[in-house]
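Participant: Here you go, one structure.
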Amino acid sequence: MNENPRLKAVRAVRQELAAVGIDPFGVQIDQIISPTEGLIDGRPTILAGTNNYLGMTFDADCIASARDALESSGTGTTGSRMANGSYASHRELELDLARFYGKRDAIVFSTGYQANLGMISALAGPGDTVMIDADSHASIYDGCTLAGANTIRFRHNDADDLAKRMRRLGDAAADALIIVEGVYSMLGDRAPLREFVRVKQEFGATLLVDEAHSMGVLGKKGQGLAEEDGVLADIDYVVGTFSKSLGNTGGFCVGDSADMDVLRYASRPYVFTASLAPATIAATRTALRKLEAATDLRQRLQANAERLHAGLAALGFRLGAPANAVVAVLVGEKLEALRFWDHLLKSGVYVNLMVPPATPGNESLLRCSVSAAHTPEQIDAICAAFGSWTGARA
Amino acid sequence: MNHQDVVAQLIELVTPIAEGRVAVITENTGITSELGLDSLKVMDLVVAVEDQFDISVPINALAEVRTVGDFASLIQKSAGENA
């Protein structure tokens, strides 16, 4: 059978990696030891690329909740909520999320990716306009594709550029859906949310904010950048994930709109996929309760982020943003970044290698995600591994 | 703004991004097939076009664009809608 020509580009990248003998996208963690440590190629390795911001994956209370639900309700739901019915816990988690954000209602999706797909494609369709930040996550781009809406990119974090493009829409601007992220996953930079809220209000548009990388991390209660910037009440829809600060799998949207009642039924990624397993729901509910009170974890996370950021800056590395749970080292050329990434792994440190086109500015990144569960010694060990690299530094 | 004017301006914009891959760029030159622009370079071109013509180009509309002439037609359509 002939090779599918559509896979030509992917195949070329795989061959390029095979020629170098390094595969950054096929890493296998043979044993997971803790939220911050695993065994890779027989080597104890510090995990600094798993978005486990609060270290919730090994929380004893979350594990106990999951175990209880597993034993009482079984391993899975075997279907979608519309076809098979919801378990009571699905709805209870939605009510928990709505209360946590102080919003009217919530919808739980099976992944964070599907939350964006589901919300964007339910809120917009052919003939509608969606305005997205140029550095948006793939789930936002894919949601726009699924929606079939006119999708217009504005310059990253540039509210003036958004406003200019909104003006071009004329009367249709009031019907536009604006989408931004709280913290951008590649560089860890924050959106100027207050400015975006001003633009949304000027044109009477709808604003959706993805807080995947800021929920649990920012704000006194961990509600994210919207809480920290004092604009949560001005945002129509907040999308988030269970797979980062909450240490599990799944996604959600909260909002004040009266449409929340019907949006889920218009969302194909909600309707046509299996619902989350009872153990996942139970552990997530426990994690959400703990996240809200986890001021100590947020402080530890920020202290770790500042320690890593300062350590890498002192070594002369170029960093993507001020100290945050995501600390991205800009490495420049792809092959050099690949070798640097491999050096870190062999030094016992796992980070994410990010290469264009997934990265902004056509530049490769070594992306670290910091956890509250990292010890200061682990942070210092990460810095030492970066410091031992003798190749080019960008 | 007639079609040939837009094509001429577009060729000026795409020439530095194409980095000399094709000696003579015309209305019929394929943007990805001949000029070899990858997704990032296409987005660089879109940004340059948006600045030059003071328009917003919907990224979903790019799926129909194969040649420089196709893109010029899209620019004219977008400019008409913005006017």
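So you can find residues: chains in the structure tokens are A, B, ... in the order shown, residues in each start at 1, and ligands are numbered from 1 in order.
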Enumerate as number ranges by chain all residues of region 31-273 of chain A assigned to helix (DSSP H, G or I) by DSSP on the backbone, naming them with the chain letters and numbers the document uses.
Facilitator: A: 56-58, 60-73, 81-84, 88-101, 112-123, 138-147, 159-168, 170-175, 193-203, 225-228, 232-234, 260-266, 268-271
Participant: Could you save the residues just selected, with C-alpha atoms, as a compact mmCIF listing (two decimals), in the first residue's frame?
Facilitator:
```txt
# COMPACT_ATOMS: atom_id res chain seq x y z
CA MET A 56 -1.96 17.21 42.95
CA THR A 57 -1.43 13.85 41.17
CA PHE A 58 -0.22 12.10 44.31
CA ALA A 60 -3.59 11.39 49.37
CA ASP A 61 -7.11 12.80 49.61
CA CYS A 62 -7.55 12.82 45.82
CA ILE A 63 -6.31 9.25 45.58
CA ALA A 64 -8.68 8.17 48.37
CA SER A 65 -11.64 9.84 46.59
CA ALA A 66 -10.74 8.16 43.33
CA ARG A 67 -10.37 4.78 45.01
CA ASP A 68 -13.77 5.07 46.73
CA ALA A 69 -15.48 6.06 43.48
CA LEU A 70 -13.72 3.31 41.57
CA GLU A 71 -14.95 0.69 44.00
CA SER A 72 -18.47 2.08 44.37
CA SER A 73 -19.20 3.17 40.79
CA ARG A 81 -23.90 11.70 29.00
CA MET A 82 -26.65 12.35 26.48
CA ALA A 83 -26.86 8.72 25.41
CA ASN A 84 -26.03 6.84 28.61
CA ALA A 88 -24.87 12.36 39.79
CA SER A 89 -21.20 13.19 40.34
CA HIS A 90 -20.84 14.72 36.84
CA ARG A 91 -23.48 17.30 37.68
CA GLU A 92 -22.11 17.80 41.20
CA LEU A 93 -18.71 18.65 39.74
CA GLU A 94 -20.37 21.18 37.42
CA LEU A 95 -22.10 22.80 40.37
CA ASP A 96 -18.79 22.81 42.29
CA LEU A 97 -17.11 24.61 39.38
CA ALA A 98 -19.91 27.15 39.03
CA ARG A 99 -19.73 27.92 42.75
CA PHE A 100 -15.92 28.10 42.70
CA TYR A 101 -15.99 30.74 39.94
CA GLY A 112 -9.45 20.44 28.02
CA TYR A 113 -8.93 20.20 24.27
CA GLN A 114 -12.56 19.19 23.84
CA ALA A 115 -13.69 22.02 26.11
CA ASN A 116 -12.36 24.56 23.62
CA LEU A 117 -13.61 22.59 20.63
CA GLY A 118 -17.00 22.17 22.26
CA MET A 119 -17.48 25.75 23.39
CA ILE A 120 -16.18 27.50 20.26
CA SER A 121 -18.16 25.29 17.88
CA ALA A 122 -21.32 25.72 19.96
CA LEU A 123 -20.96 29.51 20.24
CA ALA A 138 -4.14 24.39 18.84
CA SER A 139 -7.44 23.56 20.57
CA ILE A 140 -8.63 27.12 19.87
CA TYR A 141 -7.60 26.99 16.23
CA ASP A 142 -9.23 23.57 15.88
CA GLY A 143 -12.39 24.80 17.60
CA CYS A 144 -12.63 27.60 15.03
CA THR A 145 -12.19 25.09 12.22
CA LEU A 146 -14.93 22.89 13.66
CA ALA A 147 -17.17 25.96 14.01
CA ALA A 159 -5.59 44.86 22.49
CA ASP A 160 -5.14 47.82 20.10
CA ASP A 161 -4.74 45.45 17.16
CA LEU A 162 -7.86 43.59 18.29
CA ALA A 163 -9.79 46.87 18.53
CA LYS A 164 -8.64 47.87 15.04
CA ARG A 165 -9.91 44.59 13.63
CA MET A 166 -13.17 44.86 15.59
CA ARG A 167 -13.77 48.31 14.04
CA ARG A 168 -13.37 46.78 10.57
CA GLY A 170 -18.70 47.40 11.71
CA ASP A 171 -22.08 46.42 13.17
CA ALA A 172 -21.05 42.75 13.19
CA ALA A 173 -18.48 43.45 15.91
CA ALA A 174 -21.14 43.10 18.61
CA ASP A 175 -21.72 39.52 17.50
CA LEU A 193 -6.89 40.89 30.34
CA ARG A 194 -8.16 44.28 31.53
CA GLU A 195 -7.38 45.75 28.11
CA PHE A 196 -9.17 42.91 26.35
CA VAL A 197 -12.18 43.37 28.63
CA ARG A 198 -12.24 47.07 27.67
CA VAL A 199 -12.30 46.16 23.96
CA LYS A 200 -15.04 43.57 24.52
CA GLN A 201 -17.13 46.16 26.37
CA GLU A 202 -16.50 48.90 23.78
CA PHE A 203 -17.96 46.71 21.03
CA LEU A 225 -5.60 35.60 35.84
CA ALA A 226 -9.17 36.92 35.68
CA GLU A 227 -9.32 36.83 39.47
CA GLU A 228 -5.88 38.36 39.85
CA LEU A 232 -13.74 37.66 36.39
CA ALA A 233 -17.25 39.14 36.43
CA ASP A 234 -16.62 40.78 33.02
CA MET A 260 -25.36 27.67 29.45
CA ASP A 261 -28.51 25.52 29.74
CA VAL A 262 -28.51 24.66 26.06
CA LEU A 263 -24.89 25.05 24.95
CA ARG A 264 -23.96 21.51 25.88
CA TYR A 265 -26.63 20.11 23.57
CA ALA A 266 -25.22 22.13 20.67
CA ARG A 268 -20.66 17.90 19.32
CA PRO A 269 -17.47 17.32 21.36
CA TYR A 270 -19.77 17.10 24.42
CA VAL A 271 -22.51 15.03 22.84
```
Participant: Determine, counting only C-alpha atoms, which protein, DNA and RNA residues have an atom within 8 Å of an atom of Ala337 (chain A); residues of the same chain fewer than 4 positions away are not included. Present the result as a PyMOL selection string.
Facilitator: chain A and resi 331-333+341+353+364-366
Participant: Can I get the selected residues back with C-alpha atoms, as a PDB file, in the first residue's frame?
Facilitator:
```pdb
ATOM      1  CA  VAL A 331      17.146  28.242  22.253  1.00  0.00           C
ATOM      2  CA  GLY A 332      16.861  29.365  18.645  1.00  0.00           C
ATOM      3  CA  GLU A 333      17.749  26.727  16.077  1.00  0.00           C
ATOM      4  CA  TRP A 341      17.015  18.767  25.308  1.00  0.00           C
ATOM      5  CA  LEU A 353      11.136  20.575  23.631  1.00  0.00           C
ATOM      6  CA  SER A 364      12.722  26.580  19.498  1.00  0.00           C
ATOM      7  CA  LEU A 365      12.119  26.450  23.241  1.00  0.00           C
ATOM      8  CA  LEU A 366      13.075  24.320  26.198  1.00  0.00           C
TER       9      LEU A 366
END
```
Participant: With a cut-off of 12 Å and counting only C-alpha atoms, select all residues of chain B in contact with chain A and give the selection as a ChimeraX atom specification.
Facilitator: /B:38-44,46-48,50-51,54-63,78-83
Participant: Could you turn the residues from that selection into a file that holds N, CA and C atoms, as a short mmCIF file (atom, residue, chain, number, x, y, z; two decimals), in the first residue's frame?
Facilitator:
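Below is the file result-v4.cif, written as the result:
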```cif
data_model
loop_
_atom_site.label_atom_id
_atom_site.label_comp_id
_atom_site.auth_asym_id
_atom_site.auth_seq_id
_atom_site.Cartn_x
_atom_site.Cartn_y
_atom_site.Cartn_z
N ASP B 38 5.91 27.63 4.03
CA ASP B 38 5.30 26.76 5.04
C ASP B 38 4.24 27.57 5.80
N SER B 39 3.59 26.92 6.78
CA SER B 39 2.46 27.58 7.46
C SER B 39 2.91 28.88 8.16
N LEU B 40 4.11 28.87 8.70
CA LEU B 40 4.58 30.08 9.39
C LEU B 40 4.81 31.22 8.41
N LYS B 41 5.39 30.87 7.26
CA LYS B 41 5.65 31.92 6.26
C LYS B 41 4.34 32.44 5.65
N VAL B 42 3.39 31.55 5.49
CA VAL B 42 2.08 32.01 5.00
C VAL B 42 1.51 33.02 5.99
N MET B 43 1.65 32.74 7.30
CA MET B 43 1.12 33.67 8.30
C MET B 43 1.91 35.00 8.28
N ASP B 44 3.21 34.93 8.04
CA ASP B 44 4.00 36.16 7.88
C ASP B 44 3.45 36.98 6.72
N VAL B 46 0.39 36.84 5.49
CA VAL B 46 -0.94 37.36 5.85
C VAL B 46 -0.81 38.65 6.67
N VAL B 47 0.10 38.64 7.64
CA VAL B 47 0.30 39.84 8.47
C VAL B 47 0.76 41.01 7.60
N ALA B 48 1.68 40.74 6.69
CA ALA B 48 2.18 41.81 5.81
C ALA B 48 1.05 42.36 4.93
N GLU B 50 -2.19 42.25 5.62
CA GLU B 50 -3.17 42.96 6.46
C GLU B 50 -2.70 44.38 6.75
N ASP B 51 -1.40 44.52 7.00
CA ASP B 51 -0.85 45.86 7.26
C ASP B 51 -0.89 46.73 6.00
N ASP B 54 -4.67 47.28 5.03
CA ASP B 54 -5.54 47.67 6.15
C ASP B 54 -6.83 46.84 6.16
N ILE B 55 -6.64 45.53 6.12
CA ILE B 55 -7.78 44.61 6.13
C ILE B 55 -7.50 43.49 7.15
N SER B 56 -8.53 42.71 7.45
CA SER B 56 -8.36 41.47 8.19
C SER B 56 -8.66 40.31 7.25
N VAL B 57 -7.74 39.37 7.17
CA VAL B 57 -7.94 38.21 6.30
C VAL B 57 -8.34 37.02 7.17
N PRO B 58 -9.56 36.52 7.02
CA PRO B 58 -9.95 35.33 7.80
C PRO B 58 -9.08 34.13 7.43
N ILE B 59 -8.54 33.44 8.45
CA ILE B 59 -7.61 32.35 8.12
C ILE B 59 -8.34 31.17 7.47
N ASN B 60 -9.64 31.03 7.75
CA ASN B 60 -10.38 29.95 7.10
C ASN B 60 -10.49 30.16 5.59
N ALA B 61 -10.45 31.44 5.16
CA ALA B 61 -10.56 31.73 3.72
C ALA B 61 -9.28 31.33 2.97
N LEU B 62 -8.18 31.15 3.69
CA LEU B 62 -6.91 30.82 3.04
C LEU B 62 -6.93 29.43 2.42
N ALA B 63 -7.86 28.59 2.88
CA ALA B 63 -7.93 27.22 2.37
C ALA B 63 -8.19 27.20 0.87
N SER B 78 -11.89 41.01 0.79
CA SER B 78 -11.80 41.48 2.18
C SER B 78 -11.84 43.00 2.24
N ALA B 79 -11.15 43.65 1.29
CA ALA B 79 -11.14 45.12 1.26
C ALA B 79 -12.54 45.65 0.98
N GLY B 80 -13.28 44.96 0.10
CA GLY B 80 -14.64 45.36 -0.21
C GLY B 80 -15.55 45.27 0.99
N GLU B 81 -15.35 44.20 1.79
CA GLU B 81 -16.19 44.01 2.97
C GLU B 81 -15.87 45.03 4.05
N ASN B 82 -14.59 45.46 4.09
CA ASN B 82 -14.19 46.41 5.12
C ASN B 82 -14.54 47.84 4.76
N ALA B 83 -14.82 48.07 3.47
CA ALA B 83 -15.02 49.44 3.01
C ALA B 83 -16.33 50.00 3.55
#
```
Participant: Please list as a list of chain:residue names every residue within 8 Å of region 18-26 of chain B, counting only C-alpha atoms and excluding residues in the same chain fewer than 5 positions away.
Facilitator: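 Selected residues are B:Ile11, B:Glu34, B:Leu35, B:Gly36, B:Leu37, B:Val68.
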Participant: Using only C-alpha atoms, which of the listed residues (B:Ala72, B:Arg66, B:Lys77, B:Val49) sits closest to His3 (chain B)?
Facilitator: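 Counting only C-alpha atoms, the residue closest to His3 (chain B) is B:Ala72.
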Participant: What gap, in Å, lies between CA of Gly125 (chain A) and CA of Val254 (chain A)?
Facilitator: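 Atom-to-atom, CA of Gly125 (chain A) and CA of Val254 (chain A) are spaced 20.3 Å apart.
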Participant: From a DSSP pass on the backbone, collect the residues of region 303-361 of chain A flagged as strand (DSSP E or B) and hand them back as a list in words.
Facilitator: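 Going through region 303-361 of chain A, the strand (DSSP E or B) residues come out as Leu319, Val326, Val327, Ala328, Val329, Leu330, Val331, Gly332, Val349, Tyr350, Asn352, Leu353 and Met354 of chain A.
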Participant: Could the residues in this selection be saved with N, CA, C and O atoms as a CSV table (one decimal), in the first residue's frame?
Facilitator:
```csv
chain,number,residue,atom,x,y,z
A,319,LEU,N,15.0,34.1,28.5
A,319,LEU,CA,13.8,33.5,29.0
A,319,LEU,C,12.5,34.2,28.4
A,319,LEU,O,12.6,35.4,28.1
A,326,VAL,N,5.3,28.6,34.1
A,326,VAL,CA,6.0,28.2,32.9
A,326,VAL,C,7.2,29.1,32.7
A,326,VAL,O,7.2,30.3,32.6
A,327,VAL,N,8.4,28.4,32.7
A,327,VAL,CA,9.6,29.1,32.4
A,327,VAL,C,10.2,28.6,31.1
A,327,VAL,O,10.6,27.4,31.1
A,328,ALA,N,10.2,29.4,30.1
A,328,ALA,CA,10.7,28.9,28.8
A,328,ALA,C,12.0,29.5,28.5
A,328,ALA,O,12.3,30.7,28.6
A,329,VAL,N,13.0,28.6,28.1
A,329,VAL,CA,14.3,29.0,27.7
A,329,VAL,C,14.3,29.1,26.1
A,329,VAL,O,14.0,28.1,25.5
A,330,LEU,N,14.6,30.2,25.6
A,330,LEU,CA,14.7,30.4,24.1
A,330,LEU,C,16.0,29.9,23.6
A,330,LEU,O,17.1,30.3,24.0
A,331,VAL,N,15.9,28.9,22.7
A,331,VAL,CA,17.1,28.2,22.3
A,331,VAL,C,17.5,28.5,20.8
A,331,VAL,O,18.6,28.2,20.4
A,332,GLY,N,16.6,29.0,20.0
A,332,GLY,CA,16.9,29.4,18.6
A,332,GLY,C,16.7,28.2,17.7
A,332,GLY,O,15.6,27.7,17.5
A,349,VAL,N,17.0,15.4,33.8
A,349,VAL,CA,16.0,16.5,33.9
A,349,VAL,C,15.1,16.4,32.6
A,349,VAL,O,15.6,16.5,31.5
A,350,TYR,N,13.8,16.2,32.8
A,350,TYR,CA,12.9,16.2,31.7
A,350,TYR,C,12.1,17.5,31.6
A,350,TYR,O,11.5,18.0,32.5
A,352,ASN,N,10.1,20.1,28.3
A,352,ASN,CA,9.5,20.0,27.0
A,352,ASN,C,10.3,20.7,25.9
A,352,ASN,O,10.8,21.8,26.1
A,353,LEU,N,10.5,19.9,24.8
A,353,LEU,CA,11.1,20.6,23.6
A,353,LEU,C,10.0,21.1,22.8
A,353,LEU,O,9.1,20.3,22.4
A,354,MET,N,10.0,22.3,22.4
A,354,MET,CA,9.0,22.9,21.6
A,354,MET,C,9.6,23.6,20.4
A,354,MET,O,10.6,24.4,20.5
```
Participant: Interatomic distance between CA of Asp189 (chain A) and CA of Leu297 (chain A)?
Facilitator: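 Separating CA of Asp189 (chain A) from CA of Leu297 (chain A) is a distance of 20.7 Å.
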